[in-house]
file final.txt (compact mmCIF, C-alpha atoms)
# COMPACT_ATOMS: atom_id res chain seq x y z
CA MET A 247 -1.81 17.98 -7.81
CA ASN A 248 0.84 16.78 -5.38
CA ARG A 249 -1.77 16.69 -2.59
CA ILE A 250 -3.66 13.89 -4.28
CA PHE A 251 -1.20 11.15 -3.33
CA PRO A 252 -1.47 11.26 0.47
CA TYR A 253 -5.25 11.39 0.06
CA LEU A 254 -5.33 8.37 -2.28
CA LEU A 255 -3.14 6.40 0.12
CA ALA A 256 -5.43 7.31 3.01
CA LEU A 257 -8.44 5.96 1.12
CA LEU A 258 -6.57 2.78 0.31
CA ILE A 259 -5.33 2.12 3.84
CA ILE A 260 -8.78 2.74 5.36
CA GLY A 261 -10.12 -0.04 3.19
CA LEU A 262 -7.27 -2.43 3.91
CA THR A 263 -7.42 -2.13 7.70
CA LEU A 264 -10.70 -4.05 8.06
CA LEU A 265 -9.12 -7.41 7.30
CA ALA A 266 -5.41 -6.87 6.96
CA PHE A 267 -4.28 -9.84 9.06
CA GLY A 268 -5.15 -13.52 9.19
CA GLU A 269 -7.06 -15.34 11.89
CA GLU A 270 -6.42 -18.76 13.37
CA ALA A 271 -9.59 -20.72 14.01
CA SER A 272 -10.03 -23.84 16.17
CA SER A 273 -13.21 -25.88 16.25
CA GLY A 274 -15.28 -26.60 19.36
CA GLU A 275 -18.63 -28.19 20.15
CA GLU A 276 -20.36 -24.83 20.23
CA GLY A 277 -18.65 -23.31 17.20
CA VAL A 278 -15.30 -21.91 16.11
CA LEU A 279 -12.97 -19.87 18.31
CA LEU A 280 -11.21 -17.17 16.32
CA ARG A 281 -7.68 -16.54 17.49
CA TYR A 282 -4.80 -14.90 15.71
CA ARG A 283 -1.76 -17.14 15.23
CA LEU A 284 1.35 -16.43 13.18
CA GLU A 285 4.32 -18.71 13.70
CA PRO A 286 7.89 -17.52 13.02
CA GLY A 287 8.62 -18.10 9.34
CA ASP A 288 4.96 -18.19 8.29
CA VAL A 289 4.25 -15.96 5.29
CA GLN A 290 0.90 -14.78 3.97
CA VAL A 291 0.77 -12.88 0.66
CA PHE A 292 -2.28 -10.85 -0.36
CA GLU A 293 -3.35 -8.94 -3.46
CA ALA A 294 -5.32 -5.75 -2.82
CA ASP A 295 -7.48 -4.26 -5.58
CA VAL A 296 -9.23 -0.94 -5.02
CA ASN A 297 -11.66 0.59 -7.53
CA LEU A 298 -13.40 3.91 -6.84
CA ASP A 299 -15.70 6.29 -8.72
CA VAL A 300 -15.57 9.79 -7.23
CA LYS A 301 -17.65 12.89 -8.01
CA VAL A 302 -16.58 16.25 -6.61
CA THR A 303 -18.27 19.67 -6.63
CA ALA A 304 -16.18 22.65 -5.49
CA ALA A 305 -17.66 26.13 -5.09
CA LYS A 306 -15.55 29.22 -4.48
CA GLY A 307 -17.42 32.51 -4.59
CA SER A 308 -19.62 32.50 -7.68
CA ARG A 309 -17.54 29.80 -9.39
CA THR A 310 -18.53 26.13 -9.30
CA GLN A 311 -16.47 23.29 -10.71
CA ASP A 312 -17.47 19.65 -11.10
CA ALA A 313 -15.06 16.76 -11.52
CA ALA A 314 -15.43 13.01 -11.92
CA THR A 315 -12.62 10.59 -11.11
CA THR A 316 -12.16 6.87 -11.60
CA MET A 317 -9.37 5.24 -9.67
CA ALA A 318 -7.90 1.72 -9.82
CA ILE A 319 -5.11 0.61 -7.48
CA ARG A 320 -3.48 -2.82 -7.24
CA MET A 321 -0.99 -3.61 -4.49
CA PRO A 322 0.53 -6.94 -3.39
CA PHE A 323 1.64 -7.07 0.26
CA SER A 324 2.85 -9.73 2.65
CA ILE A 325 2.71 -10.53 6.36
CA ARG A 326 5.61 -12.57 7.74
CA GLY A 327 5.86 -13.98 11.26
CA THR A 328 9.21 -13.35 12.94
CA ALA A 329 8.92 -14.34 16.63
CA ILE A 330 6.68 -15.33 19.55
CA ASN A 331 7.25 -13.23 22.65
CA ASP A 332 7.25 -14.52 26.24
CA ASP A 333 3.84 -12.96 26.83
CA GLY A 334 2.36 -14.82 23.85
CA THR A 335 2.19 -11.83 21.54
CA MET A 336 3.43 -12.27 17.99
CA GLN A 337 6.00 -10.29 16.04
CA ALA A 338 5.38 -9.75 12.33
CA GLU A 339 6.72 -7.81 9.38
CA VAL A 340 4.43 -6.25 6.78
CA ALA A 341 5.91 -5.32 3.39
CA ILE A 342 4.52 -3.80 0.18
CA HIS A 343 5.89 -5.48 -2.95
CA GLY A 344 4.61 -3.18 -5.68
CA PHE A 345 1.75 -0.97 -6.75
CA ASN A 346 -0.05 0.07 -9.89
CA MET A 347 -2.31 3.12 -9.96
CA ASP A 348 -4.51 4.38 -12.79
CA VAL A 349 -6.48 7.60 -12.22
CA ASN A 350 -8.72 9.34 -14.77
CA VAL A 351 -10.11 12.82 -14.02
CA THR A 352 -12.71 14.64 -16.12
CA SER A 353 -13.46 18.29 -15.33
CA THR A 354 -15.04 21.07 -17.42
CA GLY A 355 -14.17 19.38 -20.69
CA GLN A 356 -10.63 18.53 -19.60
CA GLN A 357 -9.38 14.93 -19.42
CA MET A 358 -6.41 14.03 -17.22
CA THR A 359 -4.88 10.63 -16.59
CA ILE A 360 -2.32 9.67 -13.95
CA LYS A 361 -0.55 6.34 -14.31
CA ALA A 362 1.98 5.24 -11.72
CA ASP A 363 3.76 2.14 -10.54
CA GLU A 364 6.76 1.43 -8.34
CA ARG A 365 9.14 2.75 -11.03
CA ALA A 366 7.60 5.82 -12.63
CA LEU A 367 4.70 8.24 -13.06
CA GLU A 368 3.12 9.72 -16.16
CA VAL A 369 0.52 12.47 -16.35
CA THR A 370 -1.37 13.22 -19.57
CA GLN A 371 -3.88 15.98 -20.28
CA ASN A 372 -6.27 15.67 -23.21
CA GLY A 373 -4.07 12.92 -24.60
CA LYS A 374 -0.80 14.89 -24.34
CA THR A 375 1.95 13.96 -21.89
CA VAL A 376 2.54 16.89 -19.54
CA MET A 377 4.77 15.14 -17.00
CA SER A 378 6.73 11.90 -17.00
CA GLY A 379 9.61 10.56 -14.96
CA GLU A 380 10.96 7.95 -12.60
CA TRP A 381 10.62 8.30 -8.85
CA GLY A 382 13.33 10.40 -7.30
CA SER A 383 14.09 12.22 -10.55
CA VAL A 384 14.12 15.98 -11.03
CA GLN A 385 10.97 15.68 -13.15
CA LEU A 386 9.03 14.38 -10.15
CA SER A 387 10.64 16.55 -7.49
CA GLN A 388 7.25 18.01 -6.48
CA PHE A 389 5.86 14.55 -5.68
CA PRO A 390 6.59 12.30 -2.71
CA ASP A 391 8.78 9.38 -3.79
CA LEU A 392 6.29 6.51 -3.74
CA SER A 393 8.99 3.99 -4.65
CA ARG A 394 10.13 4.25 -1.01
CA LEU A 395 7.00 2.30 -0.03
CA LEU A 396 8.75 -0.82 -1.33
CA ASP A 397 11.68 -0.20 1.03
CA LEU A 398 9.33 0.05 4.00
CA THR A 399 9.17 -2.90 6.40
CA ILE A 400 6.57 -2.37 9.10
CA THR A 401 7.21 -4.26 12.32
CA ALA A 402 4.17 -5.11 14.38
CA ARG A 403 3.40 -6.82 17.68
CA LEU A 404 -0.07 -8.34 18.02
CA ASN A 405 -1.94 -10.39 20.59
CA ASP A 406 -4.05 -13.47 19.89
CA ARG A 407 -7.23 -11.41 19.44
CA GLY A 408 -5.68 -9.44 16.60
CA GLU A 409 -5.07 -6.22 18.53
CA MET A 410 -2.07 -4.13 17.52
CA VAL A 411 0.12 -3.67 20.60
CA GLU A 412 2.92 -1.66 19.01
CA MET A 413 4.42 -0.80 15.65
CA GLY A 414 7.75 0.34 14.26
CA GLY A 415 9.78 0.84 11.10
CA LEU A 416 7.83 3.82 9.80
CA ASP A 417 10.68 6.31 10.12
CA LYS A 418 11.75 5.62 6.51
CA LEU A 419 8.70 7.56 5.36
CA ASP A 420 9.90 10.76 7.03
CA GLY A 421 9.94 13.52 4.44
CA GLN A 422 8.41 11.28 1.78
CA LEU A 423 4.71 11.42 2.65
CA GLU A 424 4.57 14.65 4.58
CA GLY A 425 1.87 14.61 7.21
CA PHE A 426 0.65 11.10 6.47
CA ASP A 427 0.93 8.97 9.58
CA LEU A 428 0.69 5.35 8.42
CA SER A 429 0.80 4.08 12.00
CA GLN A 430 -2.60 5.65 12.65
CA ALA A 431 -4.06 3.83 9.66
CA LEU A 432 -2.81 0.46 10.92
CA ASP A 433 -3.33 1.04 14.63
CA ASN A 434 -6.75 -0.64 14.90
CA GLN A 435 -7.22 -4.10 13.40
CA VAL A 436 -9.99 -6.68 13.57
CA VAL A 437 -10.55 -7.77 17.16
CA TYR A 438 -11.96 -11.26 17.62
CA PRO A 439 -14.67 -12.26 20.11
CA ASP A 440 -13.99 -13.89 23.46
CA LYS A 441 -16.15 -16.94 22.74
CA ALA A 442 -16.52 -19.45 19.94
CA VAL A 443 -18.97 -18.43 17.22
CA LYS A 444 -21.31 -20.35 14.92
CA PRO A 445 -23.63 -19.36 12.05
CA GLY A 446 -25.93 -16.57 13.18
CA ASP A 447 -23.60 -15.23 15.89
CA SER A 448 -22.42 -11.61 15.77
CA TRP A 449 -19.94 -9.39 17.60
CA THR A 450 -18.90 -5.75 17.40
CA HIS A 451 -15.80 -3.67 17.93
CA THR A 452 -15.37 0.09 18.08
CA LEU A 453 -12.55 1.68 16.08
CA THR A 454 -11.08 5.16 16.54
CA GLN A 455 -8.45 6.39 14.10
CA ASP A 456 -6.64 9.72 14.06
CA PHE A 457 -5.24 10.56 10.62
CA ALA A 458 -2.47 13.12 10.23
CA ASN A 459 -2.60 13.96 6.52
CA ALA A 460 -1.26 17.00 4.68
CA ALA A 461 -4.13 16.73 2.20
CA LEU A 462 -6.67 17.50 4.95
CA PRO A 463 -7.63 20.93 6.31
CA GLY A 464 -5.70 21.38 9.52
CA GLY A 465 -3.69 18.28 8.65
CA LYS A 466 -5.78 15.98 10.87
CA MET A 467 -8.98 13.97 10.84
CA THR A 468 -10.46 11.60 13.42
CA LEU A 469 -12.64 8.70 12.27
CA THR A 470 -14.74 6.40 14.44
CA ALA A 471 -16.76 3.32 13.58
CA THR A 472 -18.51 0.35 15.14
CA VAL A 473 -17.72 -2.71 13.07
CA THR A 474 -20.24 -5.57 13.16
CA TYR A 475 -19.26 -9.12 12.20
CA THR A 476 -21.78 -11.93 11.62
CA VAL A 477 -21.08 -15.58 10.84
CA LEU A 478 -23.25 -16.43 7.82
CA GLU A 479 -22.33 -20.07 7.34
CA ARG A 480 -19.67 -22.71 7.48
CA ALA A 481 -18.97 -23.69 3.88
CA THR A 482 -16.44 -25.19 1.51
CA TYR A 483 -14.64 -22.45 -0.39
CA ARG A 484 -11.56 -22.94 -2.57
CA ASN A 485 -11.75 -26.59 -1.48
CA ARG A 486 -11.22 -25.57 2.15
CA ASP A 487 -13.42 -25.64 5.23
CA CYS A 488 -14.24 -21.96 5.82
CA LEU A 489 -16.32 -19.55 7.83
CA LYS A 490 -18.19 -17.02 5.71
CA LEU A 491 -18.38 -13.71 7.56
CA LYS A 492 -20.51 -10.66 6.88
CA LEU A 493 -19.01 -7.37 8.02
CA GLY A 494 -20.13 -3.76 8.02
CA ALA A 495 -19.08 -0.42 9.47
CA ASP A 496 -19.98 3.25 9.22
CA PHE A 497 -17.02 5.61 9.68
CA THR A 498 -17.73 9.19 10.72
CA ASN A 499 -15.72 12.22 11.76
CA PRO A 500 -17.20 13.25 15.14
CA ASP A 501 -15.10 16.41 15.57
CA ALA A 502 -17.56 19.28 15.12
CA SER A 503 -14.69 21.78 14.90
CA SER A 504 -13.24 20.10 11.81
CA LYS A 505 -13.62 21.89 8.49
CA LEU A 506 -14.17 18.56 6.78
CA ARG A 507 -16.96 16.06 7.39
CA PHE A 508 -16.13 12.49 6.42
CA GLU A 509 -18.58 9.58 6.28
CA GLN A 510 -17.78 6.15 4.90
CA GLY A 511 -19.86 3.01 4.79
CA VAL A 512 -18.19 -0.38 4.39
CA ALA A 513 -20.04 -3.66 3.82
CA GLY A 514 -18.91 -7.01 2.51
CA ILE A 515 -18.03 -10.63 3.10
CA ALA A 516 -14.91 -12.61 3.94
CA TYR A 517 -14.03 -16.29 3.78
CA VAL A 518 -11.73 -17.55 6.54
CA ASP A 519 -9.96 -20.92 6.31
CA VAL A 520 -10.89 -22.78 9.52
CA ALA A 521 -7.77 -24.98 9.51
CA THR A 522 -5.14 -22.32 8.89
CA GLY A 523 -6.90 -19.07 9.80
CA VAL A 524 -5.92 -17.45 6.48
CA PRO A 525 -8.57 -15.06 5.10
CA LEU A 526 -8.85 -16.36 1.54
CA ASP A 527 -10.92 -13.49 0.20
CA CYS A 528 -12.38 -10.25 1.51
CA ARG A 529 -14.74 -8.28 -0.74
CA LEU A 530 -15.91 -4.88 0.44
CA LYS A 531 -18.20 -2.25 -1.02
CA LEU A 532 -17.46 1.36 -0.07
CA THR A 533 -19.61 4.47 -0.04
CA GLN A 534 -18.14 7.85 0.92
CA HIS A 535 -19.35 11.37 1.47
CA ILE A 536 -16.95 14.21 2.24
CA SER A 537 -18.15 17.77 2.67
CA GLY A 538 -16.74 20.96 4.12
CA THR A 539 -14.06 23.49 3.29
CA MET A 540 -10.75 22.81 1.57
CA ASP A 541 -8.45 25.57 0.28
CA ARG A 542 -11.20 28.10 1.10
CA ALA A 543 -13.62 26.36 -1.25
CA ALA A 544 -16.82 24.53 -0.32
CA VAL A 545 -16.32 20.90 -1.32
CA ASP A 546 -18.84 18.09 -1.67
CA LEU A 547 -17.52 14.64 -2.61
CA THR A 548 -19.41 11.40 -3.10
CA SER A 549 -17.85 8.11 -4.11
CA GLY A 550 -18.49 4.42 -4.32
CA GLY A 551 -16.35 1.45 -5.13
CA THR A 552 -14.89 -1.85 -4.08
CA VAL A 553 -11.93 -3.20 -2.15
CA GLU A 554 -10.95 -6.81 -2.75
CA ILE A 555 -8.21 -8.48 -0.71
CA SER A 556 -7.35 -11.94 -1.98
CA TYR A 557 -4.98 -14.52 -0.52
CA ALA A 558 -2.27 -15.10 -3.13
CA GLY A 559 -0.12 -17.73 -1.46
CA GLY A 560 2.58 -18.41 1.07
CA SER A 561 6.37 -18.61 1.00
CA LYS A 562 6.60 -19.55 -2.70
CA LYS A 563 4.59 -16.50 -3.73
CA TYR A 564 6.62 -14.35 -1.36
CA ASP A 565 9.85 -15.51 -3.00
CA GLU A 566 8.42 -14.74 -6.44
CA LEU A 567 7.55 -11.19 -5.40
CA VAL A 568 10.96 -10.58 -3.88
CA ARG A 569 12.70 -11.85 -7.02
CA ALA A 570 10.45 -9.74 -9.22
CA SER A 571 11.60 -6.51 -7.58
CA ALA A 572 15.27 -7.53 -7.40
CA ASP A 573 16.98 -10.86 -6.92
CA ALA A 574 18.83 -11.32 -3.64
CA GLU A 575 22.27 -10.70 -5.17
CA GLY A 576 21.20 -7.74 -7.30
CA ALA A 577 19.58 -6.02 -4.32
CA VAL A 578 23.04 -4.96 -3.09
CA LEU A 579 23.17 -2.51 -5.99
CA LYS A 580 20.70 -0.29 -4.15
CA ALA A 581 23.63 0.75 -1.94
CA LEU A 582 25.39 2.47 -4.86
CA SER A 583 25.64 6.27 -4.87
CA VAL A 584 24.78 7.48 -8.38
CA PRO A 585 24.14 11.24 -8.72
CA MET A 586 22.07 12.43 -11.66
CA VAL A 587 23.88 12.27 -15.01
CA THR A 588 25.00 15.74 -16.12
CA GLU A 589 27.75 14.97 -18.65
CA ALA A 590 29.09 12.31 -20.99
CA LYS A 591 30.22 10.11 -18.11
CA ILE A 592 28.27 8.83 -15.12
CA THR A 593 29.51 9.14 -11.53
CA ILE A 594 29.20 5.95 -9.45
CA ASN A 595 30.48 5.95 -5.86
CA GLY A 596 32.58 9.03 -6.63
CA GLU A 597 34.25 7.66 -9.78
CA LYS A 598 33.38 8.52 -13.40
CA TYR A 599 32.51 5.81 -15.91
CA ALA A 600 31.74 5.77 -19.63
CA THR A 601 29.68 3.18 -21.49
CA GLY A 602 31.70 -0.02 -21.67
CA ASP A 603 33.77 0.68 -18.55
CA THR A 604 33.84 -1.86 -15.71
CA LEU A 605 33.27 -1.08 -12.05
CA THR A 606 33.82 -3.37 -9.07
CA PHE A 607 31.32 -3.36 -6.23
CA ASP A 608 30.79 -5.83 -3.37
CA GLY A 609 33.29 -8.24 -4.93
CA GLN A 610 31.55 -8.30 -8.33
CA ASP A 611 32.52 -6.75 -11.67
CA TYR A 612 29.83 -4.85 -13.60
CA ARG A 613 30.09 -3.37 -17.10
CA VAL A 614 28.25 -0.10 -17.76
CA VAL A 615 25.88 -0.95 -20.62
CA ALA A 616 23.98 2.35 -20.90
CA PHE A 617 22.79 5.29 -18.83
CA ARG A 618 20.56 8.32 -18.98
CA PRO A 619 19.56 10.95 -16.38
CA THR A 620 17.19 8.67 -14.47
CA ALA A 621 18.40 5.13 -15.20
CA LEU A 622 21.54 3.00 -15.38
CA LYS A 623 21.97 -0.45 -16.96
CA LEU A 624 24.69 -2.75 -15.61
CA HIS A 625 25.91 -6.15 -16.84
CA ARG A 626 27.30 -8.43 -14.10
CA LEU A 627 30.18 -10.30 -15.69
CA SER A 628 30.17 -13.35 -13.40
CA ASP A 629 26.79 -14.68 -14.57
CA SER A 630 25.76 -12.23 -17.35
CA ALA A 631 22.85 -10.82 -15.30
CA VAL A 632 21.65 -7.45 -16.62
CA TYR A 633 20.13 -4.94 -14.18
CA GLN A 634 18.34 -1.66 -14.62
CA LEU A 635 18.72 0.85 -11.78
CA GLY A 636 16.35 3.78 -11.32
CA LEU A 637 18.31 6.86 -10.25
CA GLY A 638 17.07 9.43 -7.76
CA SER A 639 17.88 13.12 -7.79
CA GLU A 640 19.95 12.88 -4.59
CA GLY A 641 22.13 10.00 -5.72
CA HIS A 642 20.13 7.12 -4.23
CA VAL A 643 19.06 4.11 -6.29
CA ALA A 644 15.26 4.10 -6.33
CA TYR A 645 14.86 0.53 -7.61
CA VAL A 646 16.80 -2.41 -9.02
CA LYS A 647 15.19 -4.59 -11.71
CA LEU A 648 16.63 -7.82 -13.12
CA LEU A 649 16.08 -7.54 -16.88
CA GLY A 650 17.48 -10.97 -17.78
CA PHE A 651 20.76 -12.52 -18.79
CA ALA A 652 22.97 -11.40 -21.68
CA ASP A 653 23.96 -13.88 -24.36

call {"tool": "encode", "arguments": {"input": "final.txt", "output": "structure tokens"}}
result
Amino acid sequence: MNRIFPYLLALLIIGLTLLAFGEEASSGEEGVLLRYRLEPGDVQVFEADVNLDVKVTAAKGSRTQDAATTMAIRMPFSIRGTAINDDGTMQAEVAIHGFNMDVNVTSTGQQMTIKADERALEVTQNGKTVMSGEWGSVQLSQFPDLSRLLDLTITARLNDRGEMVEMGGLDKLDGQLEGFDLSQALDNQVVYPDKAVKPGDSWTHTLTQDFANAALPGGKMTLTATVTYTVLERATYRNRDCLKLKLGADFTNPDASSKLRFEQGVAGIAYVDVATGVPLDCRLKLTQHISGTMDRAAVDLTSGGTVEISYAGGSKKYDELVRASADAEGAVLKALSVPMVTEAKITINGEKYATGDTLTFDGQDYRVVAFRPTALKLHRLSDSAVYQLGLGSEGHVAYVKLLGFAD
């Protein structure tokens, strides 16, 4: 089961890469010139919703097993401009601010559900909980710690046509998503045409992506596609002057030596704000077919679904998301060292505390309200803020959540 997560993330990122960044558009007599612009301090927040229906047939010897899966993933993420380089390229930071995943699997009369968010995961089988825990806990030791995605800040350098020049900040994933190279998924972005475009105009761009993924036979898969963009019309959308774009691509795995054949079709529309270049909405339909050998079994997978990427706002929305995960002052609590609770007292930064005791950290006094093996609740005495900390198996704090303020 632990192999499902890198695979699910791969499906999600493939969908997001088609329109992950905004475009800056300037009008001309012959049409609109699409150019990527992101000024230092600019923030764009997006909400990604992925819904997939998957059917799998696996045959091993004389045994054949069929499975049907429905998958729903929601993930807010942001793009923040940080600098303009001397050569005109732009520096940006991309951050994930949360995720919610709901997977239902039906196979040979068995029903399994997997529910996960940035704090915890729960697995049920035929209505009975078979696994439950918070990220980093002993209960989930066989799974990669997906809460680390929220700690990840991807740095990117892009030119004004939207091409990714270089990327950094991915080292925090080492050991967490074994074999999944996120840089490959984000390496090719939308590339804009040289000339201004008007309704009826089209352009193409060829993408090649090499995925290193532990869920794949041989740990690697190469995908190629020619993406076609067509300007359908210039229209008012969300009370803004926009270009409505049609886009489509067919991804294939051209490596004949691969044990897995992957084909994916993507088609949809996007609305781009002419004045600001922000893509207000991108709605894609996906079709997939995967066939070949996995774990010495012949596998045939077909799926269909949707990816919707919606513009959620700018700096105000960004501030809301940051506060939702942990307010600026409470975020310092992530630096605490809190090994798993094994006795009546809890060890924090090498000292033992009981419920009601007070600890001092970063110039603030906190009272220990309650604790259990995977969570700790602290009350900050200066302003009565109450925090819940998710505890990892190796002593790190997986998350900090502001619960409210005590009376």

call {"tool": "closest_residue", "arguments": {"input": "final.txt", "among": "A:Asp565, A:Glu368, A:Gly446, A:Ala616", "to": "Leu386 (chain A)", "atoms": "all atoms listed in the file"}}
result
A:Glu368

call {"tool": "residues_around", "arguments": {"input": "final.txt", "residues": "region 317-324 of chain A", "least_positions_apart": "2", "cutoff": "6 Å", "atoms": "all atoms listed in the file", "output": "PDB file with C-alpha atoms, in the frame of the given file"}}
result
ATOM      1  CA  GLN A 290       0.900 -14.780   3.970  1.00  0.00           C
ATOM      2  CA  VAL A 291       0.770 -12.880   0.660  1.00  0.00           C
ATOM      3  CA  PHE A 292      -2.280 -10.850  -0.360  1.00  0.00           C
ATOM      4  CA  GLU A 293      -3.350  -8.940  -3.460  1.00  0.00           C
ATOM      5  CA  ALA A 294      -5.320  -5.750  -2.820  1.00  0.00           C
ATOM      6  CA  ASP A 295      -7.480  -4.260  -5.580  1.00  0.00           C
ATOM      7  CA  VAL A 296      -9.230  -0.940  -5.020  1.00  0.00           C
ATOM      8  CA  ASN A 297     -11.660   0.590  -7.530  1.00  0.00           C
ATOM      9  CA  LEU A 298     -13.400   3.910  -6.840  1.00  0.00           C
ATOM     10  CA  VAL A 340       4.430  -6.250   6.780  1.00  0.00           C
ATOM     11  CA  ALA A 341       5.910  -5.320   3.390  1.00  0.00           C
ATOM     12  CA  ILE A 342       4.520  -3.800   0.180  1.00  0.00           C
ATOM     13  CA  HIS A 343       5.890  -5.480  -2.950  1.00  0.00           C
ATOM     14  CA  GLY A 344       4.610  -3.180  -5.680  1.00  0.00           C
ATOM     15  CA  PHE A 345       1.750  -0.970  -6.750  1.00  0.00           C
ATOM     16  CA  ASN A 346      -0.050   0.070  -9.890  1.00  0.00           C
ATOM     17  CA  MET A 347      -2.310   3.120  -9.960  1.00  0.00           C
ATOM     18  CA  ASP A 348      -4.510   4.380 -12.790  1.00  0.00           C
ATOM     19  CA  VAL A 349      -6.480   7.600 -12.220  1.00  0.00           C
TER      20      VAL A 349
END

call {"tool": "residues_near_point", "arguments": {"input": "final.txt", "point": "(-21.4, 7.3, 5.9)", "cutoff": "6 Å", "atoms": "only C-alpha atoms", "output": "PyMOL selection string"}}
result
chain A and resi 496+509-511+534

call {"tool": "atom_distance", "arguments": {"input": "final.txt", "atom1": "CA of Gly334 (chain A)", "atom2": "CA of Asp519 (chain A)"}}
result
22.3 Å

call {"tool": "atom_distance", "arguments": {"input": "final.txt", "atom1": "CA of Leu579 (chain A)", "atom2": "CA of Phe607 (chain A)"}}
result
8.2 Å

call {"tool": "residues_around", "arguments": {"input": "final.txt", "residues": "Arg542 (chain A)", "least_positions_apart": "2", "cutoff": "12 Å", "atoms": "only C-alpha atoms", "output": "PyMOL selection string"}}
result
chain A and resi 304-307+463+505-506+538-540+544-545

call {"tool": "closest_residue", "arguments": {"input": "final.txt", "among": "A:Ala495, A:Met336, A:Met377, A:Cys488", "to": "Val520 (chain A)", "atoms": "all atoms listed in the file"}}
result
A:Cys488

call {"tool": "closest_residue", "arguments": {"input": "final.txt", "among": "A:Gly277, A:Gly576, A:Gly636, A:Pro585", "to": "Tyr612 (chain A)", "atoms": "all atoms listed in the file"}}
result
A:Gly576

call {"tool": "closest_residue", "arguments": {"input": "final.txt", "among": "A:Leu624, A:Val584, A:Phe389, A:Thr454", "to": "Leu605 (chain A)", "atoms": "all atoms listed in the file"}}
result
A:Leu624

call {"tool": "closest_residue", "arguments": {"input": "final.txt", "among": "A:Val351, A:Leu279, A:Val615, A:Ala581", "to": "Asp299 (chain A)", "atoms": "all atoms listed in the file"}}
result
A:Val351

call {"tool": "closest_residue", "arguments": {"input": "final.txt", "among": "A:Leu478, A:Leu530, A:Val369, A:Leu547", "to": "Gln311 (chain A)", "atoms": "only C-alpha atoms"}}
result
A:Leu547

call {"tool": "atom_distance", "arguments": {"input": "final.txt", "atom1": "CA of Gly327 (chain A)", "atom2": "CA of Thr522 (chain A)"}}
result
14.0 Å

call {"tool": "residues_around", "arguments": {"input": "final.txt", "residues": "Arg484 (chain A)", "least_positions_apart": "2", "cutoff": "10 Å", "atoms": "only C-alpha atoms", "output": "PyMOL selection string"}}
result
chain A and resi 481-482+486-488+517+519+526-527

call {"tool": "axis_aligned_box", "arguments": {"input": "final.txt", "around": "region 487-498 of chain A", "padding_each_side": "3 Å", "output": "JSON"}}
result
{"center_x": -17.0, "center_y": -8.2, "center_z": 8.0, "size_x": 13.1, "size_y": 40.8, "size_z": 11.5}

call {"tool": "residues_around", "arguments": {"input": "final.txt", "residues": "Gly379 (chain A)", "least_positions_apart": "2", "cutoff": "9 Å", "atoms": "all atoms listed in the file", "output": "PyMOL selection string"}}
result
chain A and resi 365-368+377+381-386+620

call {"tool": "write_last_selection", "arguments": {"input": "final.txt", "atoms": "C-alpha atoms", "output": "compact mmCIF listing (two decimals), in the frame of the given file"}}
result
# COMPACT_ATOMS: atom_id res chain seq x y z
CA ARG A 365 9.14 2.75 -11.03
CA ALA A 366 7.60 5.82 -12.63
CA LEU A 367 4.70 8.24 -13.06
CA GLU A 368 3.12 9.72 -16.16
CA MET A 377 4.77 15.14 -17.00
CA TRP A 381 10.62 8.30 -8.85
CA GLY A 382 13.33 10.40 -7.30
CA SER A 383 14.09 12.22 -10.55
CA VAL A 384 14.12 15.98 -11.03
CA GLN A 385 10.97 15.68 -13.15
CA LEU A 386 9.03 14.38 -10.15
CA THR A 620 17.19 8.67 -14.47

call {"tool": "residues_around", "arguments": {"input": "final.txt", "residues": "Gly415 (chain A)", "least_positions_apart": "6", "cutoff": "7 Å", "atoms": "all atoms listed in the file", "output": "ChimeraX atom specification"}}
result
/A:399-401

call {"tool": "build_atoms", "arguments": {"input": "final.txt", "residues": "region 441-449 of chain A", "atoms": "N, CA and C atoms", "output": "compact mmCIF listing (two decimals), keeping the file's coordinate frame"}}
result
# COMPACT_ATOMS: atom_id res chain seq x y z
N LYS A 441 -15.60 -15.59 22.77
CA LYS A 441 -16.15 -16.94 22.74
C LYS A 441 -16.18 -17.49 21.32
N ALA A 442 -16.35 -18.80 21.24
CA ALA A 442 -16.52 -19.45 19.94
C ALA A 442 -17.81 -18.96 19.29
N VAL A 443 -17.81 -18.92 17.96
CA VAL A 443 -18.97 -18.43 17.22
C VAL A 443 -19.42 -19.47 16.20
N LYS A 444 -20.70 -19.44 15.89
CA LYS A 444 -21.31 -20.35 14.92
C LYS A 444 -22.22 -19.53 14.03
N PRO A 445 -22.74 -20.11 12.94
CA PRO A 445 -23.63 -19.36 12.05
C PRO A 445 -24.76 -18.68 12.80
N GLY A 446 -24.92 -17.38 12.51
CA GLY A 446 -25.93 -16.57 13.18
C GLY A 446 -25.39 -15.69 14.29
N ASP A 447 -24.20 -16.03 14.81
CA ASP A 447 -23.60 -15.23 15.89
C ASP A 447 -22.97 -13.96 15.34
N SER A 448 -23.00 -12.89 16.15
CA SER A 448 -22.42 -11.61 15.77
C SER A 448 -21.59 -11.06 16.92
N TRP A 449 -20.69 -10.14 16.59
CA TRP A 449 -19.94 -9.39 17.60
C TRP A 449 -19.57 -8.04 17.01
